[in-house]
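Note: the block below is input15.txt and it holds compact mmCIF, C-alpha atoms and all ligand atoms.
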# COMPACT_ATOMS: atom_id res chain seq x y z
CA MET A 1 -36.38 5.74 -36.25
CA ALA A 2 -34.44 4.86 -39.40
CA GLU A 3 -31.42 6.59 -37.92
CA ARG A 4 -31.63 4.46 -34.75
CA GLU A 5 -31.98 1.28 -36.75
CA GLY A 6 -29.08 2.28 -38.99
CA ALA A 7 -26.88 2.92 -35.96
CA THR A 8 -27.74 -0.43 -34.39
CA ALA A 9 -27.11 -2.25 -37.68
CA LEU A 10 -23.75 -0.53 -38.19
CA LEU A 11 -22.70 -1.48 -34.67
CA GLN A 12 -23.69 -5.09 -35.35
CA ASP A 13 -21.60 -5.05 -38.56
CA LEU A 14 -18.60 -3.77 -36.61
CA ILE A 15 -18.99 -6.32 -33.82
CA ARG A 16 -19.03 -9.09 -36.45
CA CYS A 17 -15.58 -7.95 -37.65
CA ASP A 18 -13.38 -9.83 -35.17
CA THR A 19 -10.69 -7.27 -34.35
CA SER A 20 -9.21 -9.12 -31.35
CA ASN A 21 -5.81 -7.65 -30.58
CA PRO A 22 -3.52 -9.54 -30.75
CA PRO A 23 -3.40 -9.96 -33.68
CA GLY A 24 -5.66 -6.97 -34.48
CA ASP A 25 -6.96 -7.54 -38.01
CA GLU A 26 -8.72 -4.21 -38.06
CA ALA A 27 -8.87 -3.80 -41.87
CA ALA A 28 -12.46 -5.05 -42.34
CA ALA A 29 -13.83 -2.87 -39.53
CA ILE A 30 -11.95 0.15 -40.86
CA ALA A 31 -13.30 -0.53 -44.37
CA ARG A 32 -16.86 -0.76 -42.99
CA LEU A 33 -16.46 2.58 -41.19
CA ALA A 34 -14.90 4.16 -44.29
CA ALA A 35 -17.95 3.07 -46.31
CA ALA A 36 -20.21 4.63 -43.65
CA CYS A 37 -18.19 7.88 -43.83
CA ARG A 38 -18.56 7.98 -47.60
CA GLY A 39 -22.25 7.25 -47.16
CA ILE A 40 -22.69 10.52 -45.27
CA GLY A 41 -20.65 12.43 -47.85
CA LEU A 42 -17.20 12.56 -46.23
CA GLU A 43 -13.93 11.88 -48.01
CA THR A 44 -11.81 9.29 -46.30
CA GLU A 45 -8.16 8.54 -46.00
CA ILE A 46 -6.83 5.16 -44.83
CA VAL A 47 -3.26 5.19 -43.62
CA GLY A 48 -0.94 3.15 -41.41
CA ALA A 49 2.39 1.47 -40.93
CA CYS A 50 1.06 -1.68 -42.63
CA ARG A 51 -2.02 -2.63 -44.69
CA GLU A 52 -3.42 -5.08 -42.15
CA ARG A 53 -3.42 -2.50 -39.36
CA PRO A 54 -4.94 0.63 -40.95
CA ASN A 55 -6.29 3.85 -39.47
CA LEU A 56 -9.15 5.91 -40.89
CA VAL A 57 -9.47 9.68 -40.99
CA ALA A 58 -12.46 11.62 -42.38
CA LYS A 59 -13.02 15.35 -42.17
CA PHE A 60 -16.06 17.64 -42.12
CA SER A 61 -14.54 21.01 -42.97
CA ALA A 62 -15.77 24.36 -41.76
CA ASP A 63 -16.32 27.11 -44.26
CA PRO A 64 -13.06 29.15 -44.04
CA ALA A 65 -15.11 32.33 -43.64
CA ARG A 66 -16.68 30.93 -40.47
CA ARG A 67 -13.71 29.03 -39.07
CA SER A 68 -12.70 30.48 -35.71
CA GLY A 69 -11.24 27.53 -33.81
CA ARG A 70 -8.79 24.66 -34.25
CA PRO A 71 -10.14 21.18 -35.10
CA LEU A 72 -12.17 18.88 -32.87
CA LEU A 73 -11.33 15.16 -33.18
CA LEU A 74 -13.88 12.45 -32.56
CA SER A 75 -11.62 9.49 -31.91
CA CYS A 76 -12.22 5.78 -31.42
CA HIS A 77 -10.20 2.59 -31.60
CA VAL A 78 -11.65 -0.40 -33.46
CA ASP A 79 -9.48 -3.15 -32.00
CA VAL A 80 -10.79 -5.11 -29.01
CA VAL A 81 -9.32 -7.42 -26.41
CA PRO A 82 -9.80 -11.15 -27.09
CA ALA A 83 -12.87 -13.03 -25.85
CA ASP A 84 -13.33 -16.68 -24.91
CA PRO A 85 -16.70 -17.78 -26.44
CA ALA A 86 -17.04 -20.58 -23.86
CA ARG A 87 -17.50 -17.94 -21.14
CA TRP A 88 -20.15 -15.88 -22.94
CA THR A 89 -23.96 -16.15 -22.91
CA HIS A 90 -24.06 -15.17 -26.63
CA PRO A 91 -21.08 -15.56 -29.00
CA PRO A 92 -18.82 -12.50 -28.58
CA PHE A 93 -18.68 -11.65 -32.31
CA SER A 94 -22.34 -12.31 -33.15
CA GLY A 95 -23.81 -8.86 -32.45
CA HIS A 96 -26.82 -10.62 -30.91
CA ASN A 97 -29.75 -8.26 -30.28
CA ASP A 98 -32.11 -9.44 -27.53
CA GLY A 99 -34.30 -6.34 -27.74
CA THR A 100 -32.75 -4.76 -24.63
CA TYR A 101 -29.01 -5.26 -25.12
CA LEU A 102 -26.75 -5.58 -28.11
CA TRP A 103 -24.13 -8.18 -27.19
CA GLY A 104 -20.55 -8.44 -28.29
CA ARG A 105 -16.90 -7.72 -27.67
CA GLY A 106 -16.37 -4.04 -28.45
CA THR A 107 -19.94 -2.82 -27.91
CA ILE A 108 -18.68 -0.74 -24.97
CA ASP A 109 -14.92 -0.65 -25.63
CA MET A 110 -15.42 1.07 -28.02
CA LYS A 111 -17.12 0.39 -31.33
CA GLY A 112 -20.31 1.87 -29.86
CA PHE A 113 -18.66 5.28 -29.77
CA ALA A 114 -17.45 4.90 -33.37
CA VAL A 115 -21.08 4.53 -34.44
CA MET A 116 -22.27 7.25 -32.08
CA ALA A 117 -19.72 9.78 -33.35
CA LEU A 118 -20.35 8.92 -36.98
CA THR A 119 -24.14 9.11 -36.61
CA ALA A 120 -23.85 12.49 -34.89
CA LEU A 121 -21.47 13.72 -37.58
CA GLY A 122 -23.81 12.45 -40.29
CA LYS A 123 -26.53 14.64 -38.86
CA LEU A 124 -24.34 17.76 -38.83
CA VAL A 125 -23.33 17.12 -42.44
CA ALA A 126 -26.89 16.40 -43.59
CA GLU A 127 -28.17 19.57 -41.96
CA LYS A 128 -25.24 21.55 -43.35
CA LEU A 129 -24.60 22.91 -39.87
CA PRO A 130 -22.55 26.11 -40.17
CA ILE A 131 -19.67 24.88 -37.99
CA THR A 132 -16.91 27.06 -36.58
CA ARG A 133 -14.12 24.49 -36.70
CA ASP A 134 -13.22 21.35 -38.65
CA VAL A 135 -14.48 18.10 -37.17
CA ILE A 136 -12.22 15.11 -37.81
CA PHE A 137 -13.43 11.55 -37.32
CA VAL A 138 -10.56 9.21 -36.46
CA ALA A 139 -10.79 5.41 -36.12
CA VAL A 140 -7.52 3.78 -35.13
CA SER A 141 -6.06 0.31 -34.77
CA ASP A 142 -3.92 -1.12 -32.01
CA GLU A 143 -5.05 0.77 -28.92
CA GLU A 144 -5.39 -2.30 -26.73
CA ALA A 145 -1.78 -3.38 -27.31
CA GLY A 146 -0.26 0.02 -26.59
CA THR A 147 -1.25 2.34 -29.55
CA ARG A 148 2.02 1.87 -31.52
CA LEU A 149 0.37 1.28 -34.94
CA GLY A 150 -2.64 3.46 -34.19
CA SER A 151 -2.83 6.85 -32.54
CA LYS A 152 0.90 6.89 -31.72
CA TRP A 153 1.73 6.30 -35.39
CA LEU A 154 -0.76 8.95 -36.55
CA VAL A 155 0.53 11.55 -34.10
CA GLU A 156 4.15 10.90 -35.03
CA GLU A 157 3.87 10.24 -38.78
CA ARG A 158 0.73 12.02 -40.02
CA PRO A 159 -0.21 14.80 -37.60
CA ASP A 160 -1.32 16.77 -40.70
CA LEU A 161 -4.32 14.42 -40.97
CA LEU A 162 -5.30 15.34 -37.42
CA GLY A 163 -5.34 19.02 -38.32
CA SER A 164 -1.72 19.33 -37.03
CA ASP A 165 -2.77 21.10 -33.84
CA PRO A 166 -6.26 19.94 -32.87
CA GLU A 167 -7.75 21.89 -30.00
CA TYR A 168 -10.03 19.18 -28.63
CA VAL A 169 -10.49 15.42 -28.69
CA LEU A 170 -13.54 13.46 -27.61
CA ASN A 171 -12.67 9.86 -26.82
CA GLU A 172 -13.68 6.97 -24.54
CA VAL A 173 -14.20 6.41 -20.79
CA GLY A 174 -16.70 9.01 -19.66
CA GLY A 175 -20.23 10.29 -20.06
CA PHE A 176 -21.93 7.09 -18.82
CA THR A 177 -24.35 6.96 -15.88
CA VAL A 178 -22.98 6.03 -12.47
CA HIS A 179 -25.71 5.34 -9.90
CA GLN A 180 -24.57 6.04 -6.37
CA GLY A 181 -26.32 6.96 -3.14
CA GLY A 182 -29.59 7.61 -4.96
CA HIS A 183 -27.92 10.05 -7.37
CA ARG A 184 -26.91 9.87 -11.01
CA PHE A 185 -23.39 10.94 -11.93
CA TYR A 186 -21.73 11.38 -15.32
CA PRO A 187 -17.93 11.26 -15.00
CA VAL A 188 -16.14 13.05 -17.84
CA GLN A 189 -12.59 11.88 -18.12
CA VAL A 190 -10.11 14.77 -17.89
CA ALA A 191 -7.00 12.89 -16.71
CA GLU A 192 -5.23 9.54 -17.17
CA LYS A 193 -2.53 8.00 -15.02
CA GLY A 194 0.91 7.56 -16.56
CA VAL A 195 2.67 4.33 -17.43
CA ALA A 196 5.97 2.94 -16.16
CA TRP A 197 6.45 -0.58 -17.50
CA LEU A 198 9.40 -2.03 -15.59
CA ARG A 199 11.46 -5.21 -15.50
CA LEU A 200 13.00 -6.56 -12.31
CA THR A 201 15.92 -8.87 -13.08
CA LEU A 202 17.57 -10.96 -10.36
CA PRO A 203 20.87 -12.75 -10.90
CA GLY A 204 21.43 -16.32 -9.67
CA THR A 205 24.19 -18.88 -9.55
CA PRO A 206 23.61 -21.67 -12.07
CA GLY A 207 23.80 -25.12 -10.54
CA HIS A 208 22.21 -28.56 -10.31
CA SER A 209 18.71 -28.34 -8.85
CA SER A 210 18.98 -31.78 -7.22
CA LEU A 211 20.61 -29.74 -4.44
CA PRO A 212 17.80 -27.50 -3.11
CA SER A 213 18.47 -23.84 -2.42
CA SER A 214 16.23 -21.54 -0.44
CA ASP A 215 18.04 -18.57 -1.92
CA SER A 216 18.03 -19.26 -5.65
CA ALA A 217 17.07 -16.55 -8.13
CA VAL A 218 13.65 -18.19 -8.49
CA THR A 219 12.82 -18.22 -4.77
CA ARG A 220 14.13 -14.68 -4.36
CA LEU A 221 11.92 -13.58 -7.27
CA ALA A 222 8.91 -15.25 -5.63
CA ARG A 223 9.59 -13.29 -2.43
CA ALA A 224 9.99 -10.08 -4.44
CA ILE A 225 6.67 -10.59 -6.25
CA ASP A 226 4.93 -11.34 -2.98
CA ALA A 227 6.33 -8.17 -1.42
CA ILE A 228 5.33 -5.99 -4.39
CA SER A 229 1.81 -7.40 -4.42
CA ALA A 230 1.34 -6.86 -0.68
CA ALA A 231 2.91 -3.38 -0.64
CA LYS A 232 0.92 -0.24 -0.09
CA LEU A 233 2.93 2.34 -2.00
CA PRO A 234 3.00 5.98 -0.84
CA TRP A 235 -0.11 8.12 -1.10
CA HIS A 236 -0.25 10.71 -3.92
CA PRO A 237 -3.65 12.39 -3.76
CA GLY A 238 -3.36 14.85 -6.65
CA LYS A 239 -5.82 17.57 -7.60
CA GLU A 240 -7.32 15.39 -10.37
CA ALA A 241 -8.14 12.53 -7.98
CA MET A 242 -9.51 14.83 -5.30
CA ASP A 243 -11.71 16.80 -7.75
CA PHE A 244 -13.13 13.47 -8.92
CA LEU A 245 -13.86 12.19 -5.41
CA LEU A 246 -15.26 15.52 -4.24
CA GLY A 247 -17.53 15.64 -7.28
CA PHE A 248 -19.10 12.39 -6.09
CA ALA A 249 -19.19 13.42 -2.43
CA ARG A 250 -20.90 16.81 -2.75
CA PRO A 251 -24.41 15.68 -3.71
CA GLN A 252 -24.27 12.84 -1.16
CA GLY A 253 -24.57 15.04 1.89
CA ARG A 254 -22.44 16.87 4.38
CA LEU A 255 -20.84 13.79 5.94
CA ALA A 256 -19.43 12.53 2.64
CA GLU A 257 -18.38 16.07 1.77
CA LYS A 258 -16.51 16.35 5.09
CA ILE A 259 -14.83 12.93 4.94
CA VAL A 260 -13.53 13.02 1.36
CA PRO A 261 -11.11 15.98 1.83
CA LEU A 262 -9.48 13.98 4.65
CA LEU A 263 -8.41 11.41 2.05
CA ALA A 264 -5.84 13.93 0.83
CA HIS A 265 -4.02 13.68 4.16
CA PRO A 266 -0.84 11.58 3.75
CA PHE A 267 -1.28 9.77 7.11
CA LEU A 268 -5.06 9.75 7.55
CA GLY A 269 -6.00 9.12 3.91
CA PRO A 270 -4.68 5.55 3.51
CA ARG A 271 -6.15 4.56 6.91
CA LEU A 272 -9.50 6.21 6.36
CA LEU A 273 -10.26 4.78 2.91
CA PRO A 274 -10.70 1.11 4.03
CA LEU A 275 -13.01 2.29 6.82
CA ALA A 276 -15.04 4.53 4.50
CA ILE A 277 -15.37 1.90 1.75
CA ARG A 278 -15.23 -1.66 3.08
CA ASP A 279 -15.96 -3.49 -0.18
CA PRO A 280 -12.57 -4.08 -1.89
CA ALA A 281 -14.22 -4.21 -5.33
CA ARG A 282 -15.45 -0.63 -4.84
CA ARG A 283 -12.36 0.56 -2.98
CA ASN A 284 -9.66 -0.68 -5.39
CA PRO A 285 -10.45 1.67 -8.30
CA ILE A 286 -10.39 4.62 -5.91
CA GLU A 287 -7.18 3.53 -4.23
CA ALA A 288 -5.59 3.12 -7.67
CA ILE A 289 -5.96 6.84 -8.44
CA LEU A 290 -4.45 7.87 -5.10
CA ARG A 291 -1.13 6.00 -5.41
CA ASN A 292 1.37 4.74 -7.94
CA THR A 293 0.63 1.06 -8.53
CA ALA A 294 2.88 -1.84 -9.54
CA THR A 295 1.41 -5.12 -10.78
CA PRO A 296 3.68 -8.08 -11.62
CA THR A 297 2.55 -9.67 -14.90
CA CYS A 298 5.09 -11.59 -17.05
CA LEU A 299 7.63 -14.05 -15.61
CA ARG A 300 10.83 -15.24 -17.22
CA GLY A 301 12.96 -17.89 -15.58
CA GLY A 302 14.92 -21.02 -16.22
CA ASN A 303 14.55 -23.23 -19.27
CA SER A 304 15.58 -26.55 -17.83
CA ILE A 305 13.76 -28.36 -15.01
CA ASN A 306 16.98 -29.69 -13.47
CA MET A 307 19.00 -26.49 -13.44
CA LEU A 308 19.05 -23.38 -11.26
CA PRO A 309 18.81 -20.41 -13.65
CA GLY A 310 21.52 -17.75 -13.82
CA SER A 311 18.95 -14.98 -14.15
CA VAL A 312 15.19 -14.52 -13.72
CA SER A 313 12.91 -11.56 -14.27
CA VAL A 314 9.40 -10.25 -13.82
CA ASP A 315 7.74 -7.49 -15.80
CA ILE A 316 5.83 -5.01 -13.71
CA ASP A 317 2.94 -2.92 -15.03
CA GLY A 318 3.52 0.32 -13.15
CA ARG A 319 1.00 3.18 -13.29
CA LEU A 320 1.92 6.69 -12.24
CA ALA A 321 -0.16 9.21 -10.36
CA PRO A 322 -0.11 12.70 -11.93
CA GLY A 323 3.26 14.37 -11.34
CA GLN A 324 5.09 11.07 -10.72
CA SER A 325 7.85 9.54 -12.87
CA ALA A 326 9.23 6.02 -13.44
CA ALA A 327 12.25 7.05 -11.33
CA ASP A 328 9.89 7.90 -8.44
CA LEU A 329 8.17 4.52 -8.72
CA ILE A 330 11.52 2.68 -8.84
CA GLU A 331 12.54 4.44 -5.63
CA GLU A 332 9.28 3.33 -4.00
CA LEU A 333 9.84 -0.26 -5.14
CA HIS A 334 13.42 -0.24 -3.85
CA ALA A 335 12.06 0.65 -0.42
CA VAL A 336 9.68 -2.34 -0.63
CA LEU A 337 12.28 -4.81 -1.94
CA ARG A 338 15.35 -3.88 0.11
CA PRO A 339 14.14 -5.55 3.34
CA VAL A 340 13.23 -8.69 1.38
CA LEU A 341 16.13 -9.01 -1.02
CA GLY A 342 18.95 -6.94 0.44
CA ASN A 343 20.58 -6.31 -2.90
CA VAL A 344 17.55 -5.36 -5.00
CA GLY A 345 18.87 -6.41 -8.42
CA GLU A 346 18.12 -4.41 -11.49
CA LEU A 347 14.90 -2.48 -12.18
CA THR A 348 14.86 -1.19 -15.74
CA VAL A 349 12.31 0.97 -17.54
CA LEU A 350 10.75 -0.70 -20.59
CA GLN A 351 8.32 2.12 -21.37
CA GLU A 352 7.37 5.34 -19.68
CA SER A 353 4.80 8.03 -20.27
CA GLU A 354 3.63 10.58 -17.78
CA ALA A 355 0.09 11.07 -16.62
CA VAL A 356 -1.92 13.54 -18.68
CA SER A 357 -4.51 15.95 -17.42
CA PHE A 358 -6.67 18.54 -19.12
CA SER A 359 -8.36 21.71 -17.92
CA THR A 360 -12.08 21.76 -17.21
CA ASP A 361 -12.05 25.52 -17.74
CA THR A 362 -12.84 25.33 -21.46
CA PRO A 363 -15.87 26.11 -23.63
CA LEU A 364 -16.16 22.44 -24.60
CA TYR A 365 -16.25 21.17 -20.99
CA ARG A 366 -18.85 23.81 -20.13
CA GLU A 367 -20.94 22.76 -23.14
CA ILE A 368 -20.76 19.13 -21.99
CA GLU A 369 -21.98 20.24 -18.54
CA ARG A 370 -24.81 22.33 -20.04
CA THR A 371 -25.94 19.54 -22.34
CA MET A 372 -25.93 16.93 -19.57
CA LYS A 373 -27.96 19.31 -17.39
CA SER A 374 -30.51 19.66 -20.15
CA VAL A 375 -30.84 15.91 -20.81
CA ASP A 376 -30.75 14.91 -17.11
CA PRO A 377 -31.47 17.94 -14.89
CA GLU A 378 -30.84 15.91 -11.72
CA GLY A 379 -27.59 14.32 -12.90
CA HIS A 380 -24.13 15.51 -11.84
CA VAL A 381 -21.17 15.92 -14.21
CA VAL A 382 -17.89 15.05 -12.47
CA PRO A 383 -14.35 15.42 -13.88
CA SER A 384 -12.62 12.04 -13.62
CA LEU A 385 -9.13 10.54 -13.51
CA ILE A 386 -8.79 6.98 -14.84
CA PRO A 387 -6.13 4.49 -13.72
CA GLY A 388 -5.54 3.26 -17.29
CA PHE A 389 -4.64 5.08 -20.51
CA THR A 390 -6.36 5.71 -23.83
CA ASP A 391 -5.37 7.16 -27.20
CA SER A 392 -5.69 10.57 -25.54
CA HIS A 393 -2.19 10.32 -24.07
CA ASN A 394 -0.87 10.49 -27.65
CA TYR A 395 -3.19 13.28 -28.78
CA ALA A 396 -2.05 15.30 -25.77
CA LYS A 397 1.35 15.54 -27.46
CA LEU A 398 -0.27 17.66 -30.20
CA GLY A 399 -1.43 20.10 -27.53
CA ALA A 400 -5.04 18.90 -27.67
CA CYS A 401 -7.38 19.05 -24.71
CA CYS A 402 -8.86 15.55 -24.49
CA TYR A 403 -12.02 14.45 -22.75
CA GLY A 404 -13.54 11.02 -22.28
CA PHE A 405 -17.14 11.66 -23.26
CA TYR A 406 -19.05 8.67 -24.65
CA PRO A 407 -22.55 9.31 -23.30
CA LEU A 408 -24.48 6.19 -22.36
CA GLN A 409 -27.55 5.99 -20.18
CA LEU A 410 -27.13 2.90 -18.02
CA PRO A 411 -29.63 1.08 -15.80
CA PRO A 412 -28.78 0.90 -12.06
CA ASP A 413 -28.46 -2.89 -12.05
CA LEU A 414 -25.75 -3.12 -14.73
CA ASP A 415 -22.17 -3.68 -13.47
CA PHE A 416 -20.68 -1.43 -16.14
CA ALA A 417 -17.05 -1.58 -14.95
CA ALA A 418 -17.12 -5.38 -15.28
CA LEU A 419 -17.99 -5.09 -18.98
CA PHE A 420 -14.65 -3.45 -19.91
CA HIS A 421 -12.52 -6.35 -21.15
CA GLY A 422 -14.92 -8.71 -19.30
CA ASP A 423 -17.27 -11.53 -20.29
CA ASP A 424 -20.72 -10.76 -21.73
CA GLU A 425 -19.84 -7.23 -22.85
CA ARG A 426 -23.08 -5.64 -24.05
CA ILE A 427 -24.63 -2.23 -24.57
CA PRO A 428 -28.16 -1.21 -23.56
CA ILE A 429 -29.82 -0.26 -26.84
CA GLU A 430 -32.03 2.51 -25.41
CA GLY A 431 -29.06 4.02 -23.58
CA PHE A 432 -26.97 3.85 -26.76
CA HIS A 433 -29.60 5.74 -28.74
CA TRP A 434 -29.88 8.26 -25.90
CA GLY A 435 -26.09 8.68 -26.20
CA ILE A 436 -26.32 9.39 -29.92
CA GLU A 437 -28.93 12.08 -29.32
CA THR A 438 -26.98 13.57 -26.41
CA LEU A 439 -23.70 13.69 -28.30
CA THR A 440 -25.42 15.17 -31.35
CA GLU A 441 -27.09 17.87 -29.27
CA MET A 442 -23.83 18.73 -27.53
CA LEU A 443 -21.93 18.95 -30.82
CA VAL A 444 -24.59 21.07 -32.50
CA ARG A 445 -24.52 23.55 -29.61
CA PHE A 446 -20.74 23.64 -29.43
CA LEU A 447 -19.95 23.83 -33.13
CA ARG A 448 -22.69 26.06 -34.47
CA ALA A 449 -21.57 29.46 -35.68
CA GLY A 450 -22.59 32.47 -33.56
ZN ZN A 501 -10.87 1.26 -25.21
Rewritten as structure tokens:
Amino acid sequence: MAEREGATALLQDLIRCDTSNPPGDEAAAIARLAAACRGIGLETEIVGACRERPNLVAKFSADPARRSGRPLLLSCHVDVVPADPARWTHPPFSGHNDGTYLWGRGTIDMKGFAVMALTALGKLVAEKLPITRDVIFVAVSDEEAGTRLGSKWLVEERPDLLGSDPEYVLNEVGGFTVHQGGHRFYPVQVAEKGVAWLRLTLPGTPGHSSLPSSDSAVTRLARAIDAISAAKLPWHPGKEAMDFLLGFARPQGRLAEKIVPLLAHPFLGPRLLPLAIRDPARRNPIEAILRNTATPTCLRGGNSINMLPGSVSVDIDGRLAPGQSAADLIEELHAVLRPVLGNVGELTVLQESEAVSFSTDTPLYREIERTMKSVDPEGHVVPSLIPGFTDSHNYAKLGACCYGFYPLQLPPDLDFAALFHGDDERIPIEGFHWGIETLTEMLVRFLRAG
């Protein structure tokens, strides 16, 4: 009981540290977690590119005589996306506890996991569990703005603190209950789409805007954005996406199991999906893992109301299906834009990283499956591909096998997806405590010597 109360109180403390990114300001939250690490007997190291944006690393070392595997990282980010208090039922940085939910920005994404991992680790340390590999707790800054000062910095500048070549990472986006068709599923993230952040620049002829032009750089850009938003880019149903969809289909009967494989067909798939799932809110996340996507976000144009600009641009948040590159996406966008613009202008790559995917044929994945079976015998563990990215795409560069496993038992009436970066983010307290016990049990089974 005291352990549950301690976990809830620590999460409240963390929520009350406003780590909205931008600007970040993660130092107080990192200091609070460092104190909690020291409280369970771990030595801590706080490092980073600058003092205001620190990262925390704490290690529970295996006895060298027992050590048989490379380290396991338990990783979380402490920064959160901003929140507008006017849109929330309870203030987003209050940590309000209504007896059922703990409210606040970061409860789900992902301070809850920081507390969960640390509580589990505290138990292993207190029980002096004879572990077979080092366990490294990592809390980073700056994930929400692209990871530059957080996991990217750690991987590039201080990989030694991450055990140099960690074998496994447990991180966010997985392990929570999905209720569908009368079944309970637990997706475990094993793949993330890649990123291709692009800029489309269109030239124009400067001139006086008292003379209207239907073909100025601005109007051409508007047509380009419209075309990109309406486009259905080519279908790329990779193994990761299909394993995910099949995992959901199998328990839902023979019809679902027969229809889902047809989604892999390049002609049938894109036509079948809107018929199989009519609700766009449910269909979009599935469609997003079956194609590259391109979403226009930032516009740059003229700076004088009475002048036609000589150049305009739009930034495009491109996401890559596994196996795809920025060059592939650019080719797809050229095909969309050519009929609209003729001369397409310039598409440049601002940032690119490929999709990452990790094997499910590992002792850790099997232990996750076994543990979930024991805590929910009727639940189904499903390997998942997410359309976004997490710190795992950096850890993958160290050769680590990364899973999103942040176990949370969720009630059927909670729209969990809407809580990520949404208003009224909150965590069910019972489900959070269930997650702590589940993660602890899984770690004990996985890490215990022989
Ligand atoms: Zn996150």
Item to check | Nearby residues, ligand ZN 501 (chain A), 9 Å, all atoms listed in the file, as a count of residues only | outcome: 21
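CA of Gly174 in chain A is found 14.1 Å from CA of Gly247 in chain A.
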Checklist outcome for this item: As a check of understanding: the span from CA of Gly318 in chain A to CA of Asn343 in chain A is 21.0 Å
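For the residues A:Leu408, A:Cys37, A:Leu72, A:Val349, ranking by smallest atom-to-atom distance to Phe432 in chain A using all atoms listed in the file places A:Leu408 first.
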Item to check | Residue neighbourhood Leu385 in chain A, 9 Å, all atoms listed in the file, exclusion window fewer than 5 positions, as a list in words | outcome: Pro187, Val188, Gln189, Val190, Ala191, Glu192, Lys193, Glu240, Ala241, Asp243, Phe244, Ile289 and Ser357 of chain A
Go ahead and save the picked residues with C-alpha atoms, as a PDB file, in the coordinates of the input.
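Everything below was put into selection-v2.pdb:
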ATOM      1  CA  PRO A 187     -17.930  11.260 -15.000  1.00  0.00           C
ATOM      2  CA  VAL A 188     -16.140  13.050 -17.840  1.00  0.00           C
ATOM      3  CA  GLN A 189     -12.590  11.880 -18.120  1.00  0.00           C
ATOM      4  CA  VAL A 190     -10.110  14.770 -17.890  1.00  0.00           C
ATOM      5  CA  ALA A 191      -7.000  12.890 -16.710  1.00  0.00           C
ATOM      6  CA  GLU A 192      -5.230   9.540 -17.170  1.00  0.00           C
ATOM      7  CA  LYS A 193      -2.530   8.000 -15.020  1.00  0.00           C
ATOM      8  CA  GLU A 240      -7.320  15.390 -10.370  1.00  0.00           C
ATOM      9  CA  ALA A 241      -8.140  12.530  -7.980  1.00  0.00           C
ATOM     10  CA  ASP A 243     -11.710  16.800  -7.750  1.00  0.00           C
ATOM     11  CA  PHE A 244     -13.130  13.470  -8.920  1.00  0.00           C
ATOM     12  CA  ILE A 289      -5.960   6.840  -8.440  1.00  0.00           C
ATOM     13  CA  SER A 357      -4.510  15.950 -17.420  1.00  0.00           C
TER      14      SER A 357
END
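When CA of Arg223 in chain A is paired with CA of Met307 in chain A, their separation reads 19.6 Å.
Among the candidate residues A:Ile277, A:Ala227, A:Leu290, A:Leu410, the one lying nearest to His265 in chain A is A:Leu290, with distances computed using only C-alpha atoms.
With only C-alpha atoms as the atoms that count, the minimum distance from Asp165 in chain A to the choices A:Arg148, A:Lys59, A:Lys397, A:Arg16 is reached by A:Lys397.
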Next on the checklist: I'd like to know which of A:Glu127, A:Glu43, A:Glu5, A:Asp226 is closest to Val340 in chain A, using all atoms listed in the file.
Outcome noted: A:Asp226
Checklist entry - Contacts of range 380-383 of chain A at 12 Å or less, counting all atoms listed in the file, minus same-chain residues fewer than 5 places along, as a ChimeraX atom specification? => result /A:173-180,182-192,239-252,357-361,365-375,402-405,407
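Ranking A:Leu275, A:Met442, A:Val344, A:Ala326 by their shortest atom-to-atom distance to Leu202 in chain A, with all atoms listed in the file included, puts A:Val344 first.
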Would you place a box with edges along x, y and z of the file around all atoms of range 85-101 of chain A listed there, add 3 Å to each of its six sides, and report the centre and edge lengths in Å to one decimal, as JSON?
{"center_x": -25.5, "center_y": -12.7, "center_z": -27.1, "size_x": 23.6, "size_y": 21.8, "size_z": 18.0}
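Residues with any atom within 7 Å of Leu102 in chain A, counting all atoms listed in the file and excluding same-chain neighbours fewer than 6 positions away, are Gly95, His96, Arg426, Ile427, Pro428 and Ile429 of chain A.
For the choices A:Asp315, A:Asp134, A:Asp98, A:Asp415, the atom-to-atom distance to Gln351 in chain A is smallest for A:Asp315 when using all atoms listed in the file.
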Since the input lacks atoms, please generate N, CA and C atoms for range 198-203 of chain A and provide them as a PDB file, in the coordinates of the input.
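File result21.pdb, as written:
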ATOM      1  N   LEU A 198       8.067  -1.762 -16.151  1.00  0.00           N
ATOM      2  CA  LEU A 198       9.400  -2.030 -15.590  1.00  0.00           C
ATOM      3  C   LEU A 198       9.731  -3.514 -15.686  1.00  0.00           C
ATOM      4  N   ARG A 199      11.031  -3.810 -15.608  1.00  0.00           N
ATOM      5  CA  ARG A 199      11.460  -5.210 -15.500  1.00  0.00           C
ATOM      6  C   ARG A 199      12.438  -5.345 -14.337  1.00  0.00           C
ATOM      7  N   LEU A 200      12.103  -6.242 -13.432  1.00  0.00           N
ATOM      8  CA  LEU A 200      13.000  -6.560 -12.310  1.00  0.00           C
ATOM      9  C   LEU A 200      13.766  -7.826 -12.682  1.00  0.00           C
ATOM     10  N   THR A 201      15.089  -7.711 -12.734  1.00  0.00           N
ATOM     11  CA  THR A 201      15.920  -8.870 -13.080  1.00  0.00           C
ATOM     12  C   THR A 201      16.791  -9.228 -11.877  1.00  0.00           C
ATOM     13  N   LEU A 202      16.758 -10.508 -11.489  1.00  0.00           N
ATOM     14  CA  LEU A 202      17.570 -10.960 -10.360  1.00  0.00           C
ATOM     15  C   LEU A 202      18.587 -11.986 -10.855  1.00  0.00           C
ATOM     16  N   PRO A 203      19.852 -11.782 -10.497  1.00  0.00           N
ATOM     17  CA  PRO A 203      20.870 -12.750 -10.900  1.00  0.00           C
ATOM     18  C   PRO A 203      20.839 -13.972  -9.992  1.00  0.00           C
TER      19      PRO A 203
END
